[in-house]
file my_file_19.cif (mmCIF, C-alpha atoms and all ligand atoms)
data_upload
#
loop_
_atom_site.group_PDB
_atom_site.id
_atom_site.type_symbol
_atom_site.label_atom_id
_atom_site.label_comp_id
_atom_site.auth_asym_id
_atom_site.auth_seq_id
_atom_site.Cartn_x
_atom_site.Cartn_y
_atom_site.Cartn_z
ATOM 1 C CA MET Z 1 77.780 -114.575 -14.785
ATOM 2 C CA PRO Z 2 79.514 -113.339 -17.934
ATOM 3 C CA SER Z 3 80.300 -116.914 -18.954
ATOM 4 C CA SER Z 4 76.600 -117.346 -19.781
ATOM 5 C CA ASP Z 5 77.235 -115.127 -22.796
ATOM 6 C CA ASN Z 6 79.161 -118.027 -24.283
ATOM 7 C CA ASN Z 7 76.260 -120.469 -23.946
ATOM 8 C CA ASN Z 8 75.357 -120.322 -27.621
ATOM 9 C CA ILE Z 9 78.843 -121.305 -28.768
ATOM 10 C CA LYS Z 10 79.419 -124.072 -26.252
ATOM 11 C CA SER Z 11 78.131 -127.635 -26.297
ATOM 12 C CA ILE Z 12 76.014 -128.741 -23.349
ATOM 13 C CA VAL Z 13 76.545 -132.110 -21.670
ATOM 14 C CA GLU Z 14 73.934 -133.194 -19.114
ATOM 15 C CA PHE Z 15 74.645 -135.265 -16.012
ATOM 16 C CA THR Z 16 72.718 -136.432 -12.961
ATOM 17 C CA LEU Z 17 73.831 -136.603 -9.338
ATOM 18 C CA ILE Z 18 71.876 -138.085 -6.432
ATOM 19 C CA PHE Z 19 72.413 -137.881 -2.685
ATOM 20 C CA VAL Z 20 70.677 -140.745 -0.862
ATOM 21 C CA ARG Z 21 69.765 -140.075 2.767
ATOM 22 C CA SER Z 22 69.063 -142.446 5.651
ATOM 23 C CA ASP Z 23 69.361 -142.531 9.440
ATOM 24 C CA GLU Z 24 73.061 -143.217 8.824
ATOM 25 C CA GLY Z 25 73.528 -139.870 7.073
ATOM 26 C CA VAL Z 26 74.247 -139.360 3.399
ATOM 27 C CA LEU Z 27 75.587 -141.917 0.972
ATOM 28 C CA LEU Z 28 78.700 -140.902 -0.979
ATOM 29 C CA GLY Z 29 80.782 -142.913 -3.397
ATOM 30 C CA PHE Z 30 84.557 -142.889 -3.819
ATOM 31 C CA LYS Z 31 85.241 -142.601 -7.552
ATOM 32 C CA LYS Z 32 87.547 -145.421 -8.581
ATOM 33 C CA ARG Z 33 88.129 -144.468 -12.211
ATOM 34 C CA GLY Z 34 87.584 -141.814 -14.850
ATOM 35 C CA PHE Z 35 86.424 -138.247 -14.327
ATOM 36 C CA GLY Z 36 86.767 -137.260 -10.661
ATOM 37 C CA VAL Z 37 88.822 -140.330 -9.734
ATOM 38 C CA GLY Z 38 89.925 -140.232 -6.087
ATOM 39 C CA LYS Z 39 87.081 -137.942 -5.009
ATOM 40 C CA TRP Z 40 83.916 -138.552 -2.995
ATOM 41 C CA ASN Z 41 80.654 -137.513 -4.644
ATOM 42 C CA GLY Z 42 77.027 -138.483 -4.971
ATOM 43 C CA PHE Z 43 76.100 -141.078 -7.592
ATOM 44 C CA GLY Z 44 75.424 -140.151 -11.184
ATOM 45 C CA GLY Z 45 76.718 -139.736 -14.676
ATOM 46 C CA LYS Z 46 75.882 -138.683 -18.189
ATOM 47 C CA ILE Z 47 72.315 -138.857 -19.386
ATOM 48 C CA GLU Z 48 72.200 -141.295 -22.279
ATOM 49 C CA LYS Z 49 70.479 -140.735 -25.582
ATOM 50 C CA GLY Z 50 66.796 -141.645 -25.422
ATOM 51 C CA GLU Z 51 66.401 -141.516 -21.644
ATOM 52 C CA THR Z 52 64.869 -138.811 -19.489
ATOM 53 C CA ILE Z 53 66.813 -137.017 -16.768
ATOM 54 C CA LEU Z 54 64.911 -139.036 -14.156
ATOM 55 C CA GLN Z 55 65.606 -142.349 -15.903
ATOM 56 C CA GLY Z 56 69.276 -141.420 -16.177
ATOM 57 C CA ALA Z 57 69.493 -140.603 -12.478
ATOM 58 C CA MET Z 58 67.816 -143.892 -11.470
ATOM 59 C CA ARG Z 59 69.981 -145.946 -13.867
ATOM 60 C CA GLU Z 60 73.259 -144.396 -12.706
ATOM 61 C CA LEU Z 61 72.393 -144.957 -9.032
ATOM 62 C CA LYS Z 62 71.605 -148.611 -9.750
ATOM 63 C CA GLU Z 63 74.760 -149.134 -11.826
ATOM 64 C CA GLU Z 64 77.054 -147.493 -9.312
ATOM 65 C CA SER Z 65 75.575 -148.600 -5.951
ATOM 66 C CA ASN Z 66 72.956 -151.310 -6.727
ATOM 67 C CA LEU Z 67 70.322 -149.240 -4.901
ATOM 68 C CA THR Z 68 66.880 -148.842 -6.453
ATOM 69 C CA VAL Z 69 64.782 -145.720 -5.960
ATOM 70 C CA SER Z 70 61.326 -145.638 -7.524
ATOM 71 C CA SER Z 71 60.503 -142.641 -9.695
ATOM 72 C CA SER Z 72 57.987 -141.371 -7.144
ATOM 73 C CA ASN Z 73 60.714 -141.292 -4.470
ATOM 74 C CA MET Z 74 63.183 -139.320 -6.597
ATOM 75 C CA ILE Z 75 63.256 -135.669 -5.479
ATOM 76 C CA TYR Z 76 64.613 -133.172 -7.991
ATOM 77 C CA VAL Z 77 66.133 -130.193 -6.159
ATOM 78 C CA GLY Z 78 67.752 -128.120 -8.928
ATOM 79 C CA TYR Z 79 70.867 -128.004 -11.038
ATOM 80 C CA VAL Z 80 74.470 -126.860 -11.108
ATOM 81 C CA ARG Z 81 76.062 -125.384 -14.228
ATOM 82 C CA TYR Z 82 79.805 -125.730 -14.830
ATOM 83 C CA ASP Z 83 81.531 -123.593 -17.439
ATOM 84 C CA ARG Z 84 85.281 -123.789 -18.018
ATOM 85 C CA VAL Z 85 87.349 -120.985 -19.489
ATOM 86 C CA ASP Z 86 89.484 -123.482 -21.362
ATOM 87 C CA SER Z 87 86.783 -125.819 -22.699
ATOM 88 C CA PRO Z 88 84.075 -125.567 -25.372
ATOM 89 C CA GLN Z 89 81.788 -127.664 -23.125
ATOM 90 C CA VAL Z 90 79.321 -126.605 -20.434
ATOM 91 C CA ASP Z 91 78.175 -129.298 -17.989
ATOM 92 C CA ILE Z 92 74.698 -129.219 -16.482
ATOM 93 C CA VAL Z 93 74.347 -131.493 -13.440
ATOM 94 C CA TYR Z 94 70.778 -132.215 -12.272
ATOM 95 C CA ILE Z 95 70.658 -132.828 -8.534
ATOM 96 C CA PHE Z 96 68.333 -135.308 -6.812
ATOM 97 C CA THR Z 97 67.842 -136.601 -3.305
ATOM 98 C CA ALA Z 98 66.041 -139.707 -2.062
ATOM 99 C CA SER Z 99 65.381 -141.218 1.319
ATOM 100 C CA GLU Z 100 63.356 -144.287 0.289
ATOM 101 C CA PHE Z 101 65.266 -147.043 -1.465
ATOM 102 C CA SER Z 102 65.502 -150.798 -1.824
ATOM 103 C CA ASP Z 103 68.116 -153.473 -2.637
ATOM 104 C CA SER Z 104 71.447 -153.972 -0.950
ATOM 105 C CA LEU Z 105 74.278 -151.494 -1.196
ATOM 106 C CA GLU Z 106 77.136 -152.866 -3.311
ATOM 107 C CA GLU Z 107 80.465 -151.551 -4.475
ATOM 108 C CA SER Z 108 80.690 -151.214 -8.249
ATOM 109 C CA GLU Z 109 83.660 -151.044 -10.597
ATOM 110 C CA GLU Z 110 83.171 -147.248 -10.633
ATOM 111 C CA MET Z 111 82.221 -146.309 -7.053
ATOM 112 C CA ALA Z 112 82.954 -147.504 -3.505
ATOM 113 C CA PRO Z 113 79.940 -146.417 -1.398
ATOM 114 C CA LYS Z 114 80.041 -145.266 2.230
ATOM 115 C CA TRP Z 115 77.570 -143.609 4.590
ATOM 116 C CA PHE Z 116 78.727 -140.351 6.179
ATOM 117 C CA LYS Z 117 77.220 -138.464 9.089
ATOM 118 C CA ILE Z 118 76.319 -134.972 7.873
ATOM 119 C CA SER Z 119 78.913 -133.467 10.227
ATOM 120 C CA GLU Z 120 81.605 -135.753 8.795
ATOM 121 C CA ILE Z 121 81.174 -135.177 5.067
ATOM 122 C CA PRO Z 122 84.716 -135.059 3.588
ATOM 123 C CA TYR Z 123 84.346 -131.808 1.657
ATOM 124 C CA GLU Z 124 88.117 -131.491 1.258
ATOM 125 C CA GLU Z 125 88.129 -134.804 -0.635
ATOM 126 C CA MET Z 126 85.235 -133.794 -2.921
ATOM 127 C CA TRP Z 127 85.034 -131.499 -5.936
ATOM 128 C CA GLY Z 128 85.829 -127.984 -4.632
ATOM 129 C CA ASP Z 129 82.397 -126.639 -5.554
ATOM 130 C CA SER Z 130 80.459 -129.166 -3.442
ATOM 131 C CA LYS Z 131 80.957 -127.345 -0.144
ATOM 132 C CA TYR Z 132 79.128 -124.316 -1.512
ATOM 133 C CA TRP Z 133 75.890 -126.028 -2.479
ATOM 134 C CA LEU Z 134 75.639 -129.516 -0.943
ATOM 135 C CA PRO Z 135 74.899 -128.154 2.565
ATOM 136 C CA ILE Z 136 71.897 -126.327 1.075
ATOM 137 C CA VAL Z 137 70.628 -129.539 -0.538
ATOM 138 C CA LEU Z 138 71.083 -131.438 2.715
ATOM 139 C CA ARG Z 139 68.917 -128.823 4.461
ATOM 140 C CA LYS Z 140 66.193 -129.924 2.016
ATOM 141 C CA LYS Z 141 66.293 -126.685 0.067
ATOM 142 C CA GLY Z 142 66.356 -126.202 -3.693
ATOM 143 C CA ILE Z 143 69.533 -125.133 -5.465
ATOM 144 C CA PHE Z 144 70.729 -123.191 -8.455
ATOM 145 C CA ALA Z 145 74.478 -122.801 -8.763
ATOM 146 C CA GLU Z 146 76.887 -121.856 -11.523
ATOM 147 C CA PHE Z 147 80.648 -122.034 -11.525
ATOM 148 C CA LEU Z 148 83.256 -120.771 -13.935
ATOM 149 C CA LEU Z 149 86.317 -123.006 -13.629
ATOM 150 C CA SER Z 150 89.811 -122.892 -14.996
ATOM 151 C CA GLY Z 151 91.283 -126.357 -15.337
ATOM 152 C CA GLU Z 152 90.214 -128.945 -12.759
ATOM 153 C CA ARG Z 153 90.932 -126.962 -9.646
ATOM 154 C CA ASN Z 154 90.631 -123.211 -10.040
ATOM 155 C CA MET Z 155 87.313 -121.529 -9.399
ATOM 156 C CA VAL Z 156 87.166 -118.229 -11.273
ATOM 157 C CA LYS Z 157 83.589 -117.273 -10.370
ATOM 158 C CA LYS Z 158 80.692 -118.700 -8.446
ATOM 159 C CA ASN Z 159 77.027 -117.962 -7.973
ATOM 160 C CA VAL Z 160 75.067 -120.111 -5.530
ATOM 161 C CA GLU Z 161 71.369 -119.581 -4.879
ATOM 162 C CA GLU Z 162 69.179 -121.335 -2.333
ATOM 163 C CA ARG Z 163 65.697 -121.840 -3.763
ATOM 164 C CA ASP Z 164 62.323 -122.503 -2.161
ATOM 165 C CA GLU Z 165 60.395 -125.592 -3.208
ATOM 166 C CA ASN Z 166 58.111 -123.473 -5.407
ATOM 167 C CA ASN Z 167 61.103 -121.969 -7.234
ATOM 168 C CA ILE Z 168 63.235 -124.991 -8.142
ATOM 169 C CA PRO Z 169 65.163 -124.131 -11.333
ATOM 170 C CA VAL Z 170 64.595 -126.103 -14.505
ATOM 171 C CA TYR Z 171 67.374 -125.916 -17.089
ATOM 172 C CA GLY Z 172 66.333 -124.123 -20.254
ATOM 173 C CA GLU Z 173 63.510 -122.152 -18.674
HETATM 174 C C1 LIG A 1 83.626 -129.472 -10.738
HETATM 175 O O1 LIG A 1 82.693 -130.225 -11.377
HETATM 176 C C2 LIG A 1 81.883 -131.105 -10.722
HETATM 177 N N1 LIG A 1 81.575 -131.006 -9.415
HETATM 178 C C3 LIG A 1 80.775 -131.938 -8.845
HETATM 179 N N2 LIG A 1 80.472 -131.811 -7.528
HETATM 180 N N3 LIG A 1 80.245 -132.988 -9.507
HETATM 181 C C4 LIG A 1 80.539 -133.066 -10.804
HETATM 182 C C5 LIG A 1 81.348 -132.148 -11.458
HETATM 183 N N4 LIG A 1 81.436 -132.502 -12.753
HETATM 184 C C6 LIG A 1 80.722 -133.623 -12.898
HETATM 185 N N5 LIG A 1 80.175 -133.953 -11.715
HETATM 186 C C7 LIG A 1 79.357 -135.113 -11.426
HETATM 187 C C8 LIG A 1 78.331 -135.376 -12.462
HETATM 188 C C9 LIG A 1 78.266 -136.881 -12.494
HETATM 189 O O2 LIG A 1 77.395 -137.333 -11.464
HETATM 190 C C10 LIG A 1 79.668 -137.309 -12.163
HETATM 191 C C11 LIG A 1 80.527 -137.574 -13.368
HETATM 192 O O3 LIG A 1 79.985 -138.590 -14.115
HETATM 193 P P1 LIG A 1 80.877 -139.499 -15.072
HETATM 194 O O4 LIG A 1 81.795 -138.670 -15.879
HETATM 195 O O5 LIG A 1 81.502 -140.570 -14.259
HETATM 196 O O6 LIG A 1 79.754 -140.055 -15.996
HETATM 197 P P2 LIG A 1 79.523 -141.557 -16.455
HETATM 198 O O7 LIG A 1 78.420 -141.511 -17.433
HETATM 199 O O8 LIG A 1 79.294 -142.426 -15.252
HETATM 200 O O9 LIG A 1 80.904 -141.861 -17.087
HETATM 201 P P3 LIG A 1 81.454 -143.126 -17.810
HETATM 202 O O10 LIG A 1 81.323 -142.801 -19.269
HETATM 203 O O11 LIG A 1 82.867 -143.196 -17.345
HETATM 204 O O12 LIG A 1 80.634 -144.315 -17.384
HETATM 205 O O13 LIG A 1 80.247 -136.252 -11.423
#

call {"tool": "encode", "arguments": {"input": "my_file_19.cif", "output": "structure tokens", "more": "lines below"}}
Ligand SMILES: COc1nc(N)nc2c1ncn2[C@H]1C[C@H](O)[C@@H](COP(=O)(O)OP(=O)(O)OP(=O)(O)O)O1
result
Amino acid sequence: MPSSDNNNIKSIVEFTLIFVRSDEGVLLGFKKRGFGVGKWNGFGGKIEKGETILQGAMRELKEESNLTVSSSNMIYVGYVRYDRVDSPQVDIVYIFTASEFSDSLEESEEMAPKWFKISEIPYEEMWGDSKYWLPIVLRKKGIFAEFLLSGERNMVKKNVEERDENNIPVYGE
């Protein structure tokens, strides 16, 4: 996408996002505050200084849902890149899935968790981009997606690629 040309003059902020699976479906959280308030999404947040992407993903899941996933049960499936025409920031969101977890599910001050059957995922109450790539992830495929956004709602461009397990994208490569 042409927006990639701006990469060198934009700051990059890295996030994680995990979709936990079980016999009940997929676990989503209703964002109670901050960025994305009022929307359903997976669990995640900014990667903090000094931690790896994996550590960040595990920490955010624990903080937001109380669930624990061991590092060996974390499955990295790719990333989504968000550029905004009206912002000097590009967000990179690393996507994980997991189907083995421990500890009891708890609501946090940031997220109210709920299991959804795959056929009942509330895409219209999620970020508008999710419907383009989350179904691919839930089919256990890898993902590379990039979106050029204008403001919070308007999608100017999109590029969504399903990837095989031997071609999972790694940011920066
Ligand atoms: C349109 O953009 C986005 N779409 C989707 N589907 N998900 C997004 C988008 N932008 C960000 N996300 C994900 C990435 C993170 O998992 C969360 C946002 O994390 P948050 O801003 O809450 O990060 P924290 O570190 O938890 O924030 P605090 O500083 O408030 O704790 O959404």

call {"tool": "resolve_selection", "arguments": {"input": "my_file_19.cif", "expression": "the PyMOL selection byres (((chain Z and resi 37) around 12) and not hetatm)", "output": "list in words"}}
result
Gly29, Phe30, Lys31, Lys32, Arg33, Gly34, Phe35, Gly36, Gly38, Lys39, Trp40, Asn41, Glu109, Glu110, Met111, Ala112, Glu125, Met126, Trp127 and Glu152 of chain Z

call {"tool": "closest_atom_pairs", "arguments": {"input": "my_file_19.cif", "of": "chain Z", "to": "ligand LIG 1 (chain A)", "cutoff": "6 Å", "atoms": "all atoms listed in the file", "output": "JSON lines"}}
result
{"residue": "Z:Phe15", "atom": "CA", "partner": "A:LIG1", "partner_atom": "C8", "distance": 5.1}
{"residue": "Z:Thr16", "atom": "CA", "partner": "A:LIG1", "partner_atom": "O2", "distance": 5.0}
{"residue": "Z:Leu17", "atom": "CA", "partner": "A:LIG1", "partner_atom": "O2", "distance": 4.2}
{"residue": "Z:Gly34", "atom": "CA", "partner": "A:LIG1", "partner_atom": "O11", "distance": 5.5}
{"residue": "Z:Phe35", "atom": "CA", "partner": "A:LIG1", "partner_atom": "O4", "distance": 4.9}
{"residue": "Z:Phe43", "atom": "CA", "partner": "A:LIG1", "partner_atom": "O2", "distance": 5.5}
{"residue": "Z:Gly44", "atom": "CA", "partner": "A:LIG1", "partner_atom": "O2", "distance": 3.5}
{"residue": "Z:Gly45", "atom": "CA", "partner": "A:LIG1", "partner_atom": "O6", "distance": 3.3}
{"residue": "Z:Lys46", "atom": "CA", "partner": "A:LIG1", "partner_atom": "O7", "distance": 3.9}
{"residue": "Z:Val93", "atom": "CA", "partner": "A:LIG1", "partner_atom": "C8", "distance": 5.6}
{"residue": "Z:Trp127", "atom": "CA", "partner": "A:LIG1", "partner_atom": "N2", "distance": 4.8}
{"residue": "Z:Asp129", "atom": "CA", "partner": "A:LIG1", "partner_atom": "N2", "distance": 5.9}
{"residue": "Z:Ser130", "atom": "CA", "partner": "A:LIG1", "partner_atom": "N2", "distance": 4.9}

call {"tool": "atom_distance", "arguments": {"input": "my_file_19.cif", "atom1": "CA of Lys141 (chain Z)", "atom2": "CA of Ile168 (chain Z)"}}
result
8.9 Å

call {"tool": "closest_residue", "arguments": {"input": "my_file_19.cif", "among": "Z:Asp164, Z:Glu60, Z:Glu106, Z:Asp83", "to": "Ser11 (chain Z)", "atoms": "only C-alpha atoms"}}
result
Z:Asp83

call {"tool": "residues_around", "arguments": {"input": "my_file_19.cif", "residues": "Ile143 (chain Z)", "least_positions_apart": "3", "cutoff": "12 Å", "atoms": "all atoms listed in the file", "output": "PyMOL selection string"}}
result
chain Z and resi 76-81+93-97+130+132-140+146+159-171

call {"tool": "residues_around", "arguments": {"input": "my_file_19.cif", "residues": "region 86-88 of chain Z", "least_positions_apart": "2", "cutoff": "7 Å", "atoms": "only C-alpha atoms", "output": "PyMOL selection string"}}
result
chain Z and resi 10-11+84+90+150-151

call {"tool": "write_last_selection", "arguments": {"input": "my_file_19.cif", "atoms": "C-alpha atoms", "output": "short mmCIF file (atom, residue, chain, number, x, y, z; two decimals), keeping the file's coordinate frame"}}
result
data_model
loop_
_atom_site.label_atom_id
_atom_site.label_comp_id
_atom_site.auth_asym_id
_atom_site.auth_seq_id
_atom_site.Cartn_x
_atom_site.Cartn_y
_atom_site.Cartn_z
CA LYS Z 10 79.42 -124.07 -26.25
CA SER Z 11 78.13 -127.64 -26.30
CA ARG Z 84 85.28 -123.79 -18.02
CA VAL Z 90 79.32 -126.60 -20.43
CA SER Z 150 89.81 -122.89 -15.00
CA GLY Z 151 91.28 -126.36 -15.34
#

call {"tool": "atom_distance", "arguments": {"input": "my_file_19.cif", "atom1": "CA of Ser102 (chain Z)", "atom2": "CA of Lys114 (chain Z)"}}
result
16.1 Å

call {"tool": "residues_around", "arguments": {"input": "my_file_19.cif", "residues": "Ser119 (chain Z)", "least_positions_apart": "4", "cutoff": "12 Å", "atoms": "all atoms listed in the file", "output": "PyMOL selection string"}}
result
chain Z and resi 24-26+115+123+135+138

call {"tool": "closest_residue", "arguments": {"input": "my_file_19.cif", "among": "Z:Phe101, Z:Leu149, Z:Glu14, Z:Ile121", "to": "Glu51 (chain Z)", "atoms": "all atoms listed in the file"}}
result
Z:Glu14

call {"tool": "atom_distance", "arguments": {"input": "my_file_19.cif", "atom1": "CA of Lys158 (chain Z)", "atom2": "CA of Ala98 (chain Z)"}}
result
26.4 Å

call {"tool": "closest_residue", "arguments": {"input": "my_file_19.cif", "among": "Z:Glu64, Z:Asp91, Z:Glu120, Z:Glu48", "to": "Val13 (chain Z)", "atoms": "all atoms listed in the file"}}
result
Z:Asp91

call {"tool": "closest_residue", "arguments": {"input": "my_file_19.cif", "among": "Z:Ser72, Z:Ser99, Z:Lys62, Z:Gly50", "to": "Val20 (chain Z)", "atoms": "all atoms listed in the file"}}
result
Z:Ser99

call {"tool": "closest_residue", "arguments": {"input": "my_file_19.cif", "among": "Z:Leu148, Z:Ser104, Z:Asp23, Z:Glu124", "to": "Gln89 (chain Z)", "atoms": "only C-alpha atoms"}}
result
Z:Leu148

call {"tool": "decode", "arguments": {"input": "my_file_19.cif", "residues": "region 33-65 of chain Z", "atoms": "N, CA and C atoms", "output": "PDB file, in the first residue's frame"}}
result
ATOM      1  N   ARG Z  33     -12.828   0.861  29.131  1.00  0.00           N
ATOM      2  CA  ARG Z  33     -12.236   2.203  29.202  1.00  0.00           C
ATOM      3  C   ARG Z  33     -11.161   2.359  28.129  1.00  0.00           C
ATOM      4  N   GLY Z  34     -10.788   3.594  27.881  1.00  0.00           N
ATOM      5  CA  GLY Z  34      -9.636   3.875  27.023  1.00  0.00           C
ATOM      6  C   GLY Z  34      -9.890   3.618  25.548  1.00  0.00           C
ATOM      7  N   PHE Z  35      -8.818   3.320  24.843  1.00  0.00           N
ATOM      8  CA  PHE Z  35      -8.834   3.120  23.399  1.00  0.00           C
ATOM      9  C   PHE Z  35      -9.745   1.941  23.041  1.00  0.00           C
ATOM     10  N   GLY Z  36     -10.734   2.169  22.199  1.00  0.00           N
ATOM     11  CA  GLY Z  36     -11.636   1.078  21.814  1.00  0.00           C
ATOM     12  C   GLY Z  36     -12.750   0.831  22.811  1.00  0.00           C
ATOM     13  N   VAL Z  37     -12.993   1.793  23.708  1.00  0.00           N
ATOM     14  CA  VAL Z  37     -14.044   1.601  24.718  1.00  0.00           C
ATOM     15  C   VAL Z  37     -15.388   1.314  24.025  1.00  0.00           C
ATOM     16  N   GLY Z  38     -16.136   0.367  24.584  1.00  0.00           N
ATOM     17  CA  GLY Z  38     -17.443   0.023  24.024  1.00  0.00           C
ATOM     18  C   GLY Z  38     -17.396  -1.008  22.914  1.00  0.00           C
ATOM     19  N   LYS Z  39     -16.194  -1.493  22.600  1.00  0.00           N
ATOM     20  CA  LYS Z  39     -16.062  -2.506  21.537  1.00  0.00           C
ATOM     21  C   LYS Z  39     -15.624  -3.844  22.136  1.00  0.00           C
ATOM     22  N   TRP Z  40     -15.999  -4.922  21.432  1.00  0.00           N
ATOM     23  CA  TRP Z  40     -15.478  -6.256  21.745  1.00  0.00           C
ATOM     24  C   TRP Z  40     -14.174  -6.463  20.977  1.00  0.00           C
ATOM     25  N   ASN Z  41     -13.231  -7.147  21.612  1.00  0.00           N
ATOM     26  CA  ASN Z  41     -11.963  -7.453  20.943  1.00  0.00           C
ATOM     27  C   ASN Z  41     -11.325  -8.624  21.665  1.00  0.00           C
ATOM     28  N   GLY Z  42     -10.212  -9.116  21.128  1.00  0.00           N
ATOM     29  CA  GLY Z  42      -9.396 -10.044  21.892  1.00  0.00           C
ATOM     30  C   GLY Z  42      -8.728  -9.265  23.017  1.00  0.00           C
ATOM     31  N   PHE Z  43      -7.812  -9.947  23.721  1.00  0.00           N
ATOM     32  CA  PHE Z  43      -7.150  -9.328  24.877  1.00  0.00           C
ATOM     33  C   PHE Z  43      -5.732  -8.935  24.497  1.00  0.00           C
ATOM     34  N   GLY Z  44      -5.321  -7.754  24.901  1.00  0.00           N
ATOM     35  CA  GLY Z  44      -3.962  -7.341  24.558  1.00  0.00           C
ATOM     36  C   GLY Z  44      -3.741  -5.891  24.877  1.00  0.00           C
ATOM     37  N   GLY Z  45      -2.569  -5.419  24.505  1.00  0.00           N
ATOM     38  CA  GLY Z  45      -2.227  -4.025  24.760  1.00  0.00           C
ATOM     39  C   GLY Z  45      -0.817  -3.739  24.300  1.00  0.00           C
ATOM     40  N   LYS Z  46      -0.315  -2.605  24.743  1.00  0.00           N
ATOM     41  CA  LYS Z  46       1.026  -2.193  24.301  1.00  0.00           C
ATOM     42  C   LYS Z  46       2.099  -3.087  24.904  1.00  0.00           C
ATOM     43  N   ILE Z  47       3.115  -3.348  24.103  1.00  0.00           N
ATOM     44  CA  ILE Z  47       4.278  -4.066  24.614  1.00  0.00           C
ATOM     45  C   ILE Z  47       5.110  -3.075  25.417  1.00  0.00           C
ATOM     46  N   GLU Z  48       5.455  -3.476  26.644  1.00  0.00           N
ATOM     47  CA  GLU Z  48       6.195  -2.548  27.502  1.00  0.00           C
ATOM     48  C   GLU Z  48       7.691  -2.671  27.265  1.00  0.00           C
ATOM     49  N   LYS Z  49       8.387  -1.603  27.639  1.00  0.00           N
ATOM     50  CA  LYS Z  49       9.833  -1.572  27.478  1.00  0.00           C
ATOM     51  C   LYS Z  49      10.457  -2.743  28.231  1.00  0.00           C
ATOM     52  N   GLY Z  50      11.361  -3.450  27.611  1.00  0.00           N
ATOM     53  CA  GLY Z  50      12.086  -4.520  28.285  1.00  0.00           C
ATOM     54  C   GLY Z  50      11.425  -5.877  28.191  1.00  0.00           C
ATOM     55  N   GLU Z  51      10.226  -5.967  27.643  1.00  0.00           N
ATOM     56  CA  GLU Z  51       9.601  -7.290  27.514  1.00  0.00           C
ATOM     57  C   GLU Z  51       9.531  -7.692  26.044  1.00  0.00           C
ATOM     58  N   THR Z  52       9.493  -9.003  25.827  1.00  0.00           N
ATOM     59  CA  THR Z  52       9.361  -9.507  24.458  1.00  0.00           C
ATOM     60  C   THR Z  52       7.889  -9.423  24.038  1.00  0.00           C
ATOM     61  N   ILE Z  53       7.648  -9.623  22.764  1.00  0.00           N
ATOM     62  CA  ILE Z  53       6.267  -9.637  22.264  1.00  0.00           C
ATOM     63  C   ILE Z  53       5.470 -10.726  22.993  1.00  0.00           C
ATOM     64  N   LEU Z  54       6.076 -11.900  23.125  1.00  0.00           N
ATOM     65  CA  LEU Z  54       5.403 -13.024  23.781  1.00  0.00           C
ATOM     66  C   LEU Z  54       5.086 -12.697  25.241  1.00  0.00           C
ATOM     67  N   GLN Z  55       6.066 -12.135  25.950  1.00  0.00           N
ATOM     68  CA  GLN Z  55       5.838 -11.773  27.352  1.00  0.00           C
ATOM     69  C   GLN Z  55       4.717 -10.738  27.460  1.00  0.00           C
ATOM     70  N   GLY Z  56       4.718  -9.782  26.531  1.00  0.00           N
ATOM     71  CA  GLY Z  56       3.679  -8.757  26.546  1.00  0.00           C
ATOM     72  C   GLY Z  56       2.306  -9.365  26.342  1.00  0.00           C
ATOM     73  N   ALA Z  57       2.211 -10.304  25.410  1.00  0.00           N
ATOM     74  CA  ALA Z  57       0.918 -10.935  25.120  1.00  0.00           C
ATOM     75  C   ALA Z  57       0.413 -11.729  26.334  1.00  0.00           C
ATOM     76  N   MET Z  58       1.324 -12.452  26.990  1.00  0.00           N
ATOM     77  CA  MET Z  58       0.933 -13.257  28.163  1.00  0.00           C
ATOM     78  C   MET Z  58       0.541 -12.342  29.333  1.00  0.00           C
ATOM     79  N   ARG Z  59       1.302 -11.268  29.532  1.00  0.00           N
ATOM     80  CA  ARG Z  59       1.000 -10.330  30.628  1.00  0.00           C
ATOM     81  C   ARG Z  59      -0.355  -9.657  30.427  1.00  0.00           C
ATOM     82  N   GLU Z  60      -0.609  -9.177  29.208  1.00  0.00           N
ATOM     83  CA  GLU Z  60      -1.876  -8.474  28.961  1.00  0.00           C
ATOM     84  C   GLU Z  60      -3.069  -9.413  29.151  1.00  0.00           C
ATOM     85  N   LEU Z  61      -2.942 -10.661  28.698  1.00  0.00           N
ATOM     86  CA  LEU Z  61      -4.047 -11.610  28.879  1.00  0.00           C
ATOM     87  C   LEU Z  61      -4.329 -11.811  30.370  1.00  0.00           C
ATOM     88  N   LYS Z  62      -3.251 -11.977  31.136  1.00  0.00           N
ATOM     89  CA  LYS Z  62      -3.408 -12.180  32.588  1.00  0.00           C
ATOM     90  C   LYS Z  62      -4.057 -10.962  33.239  1.00  0.00           C
ATOM     91  N   GLU Z  63      -3.541  -9.769  32.901  1.00  0.00           N
ATOM     92  CA  GLU Z  63      -4.067  -8.539  33.507  1.00  0.00           C
ATOM     93  C   GLU Z  63      -5.544  -8.327  33.184  1.00  0.00           C
ATOM     94  N   GLU Z  64      -5.918  -8.656  31.970  1.00  0.00           N
ATOM     95  CA  GLU Z  64      -7.262  -8.293  31.505  1.00  0.00           C
ATOM     96  C   GLU Z  64      -8.309  -9.374  31.734  1.00  0.00           C
ATOM     97  N   SER Z  65      -7.871 -10.651  31.882  1.00  0.00           N
ATOM     98  CA  SER Z  65      -8.854 -11.747  32.004  1.00  0.00           C
ATOM     99  C   SER Z  65      -8.548 -12.712  33.150  1.00  0.00           C
TER     100      SER Z  65
END
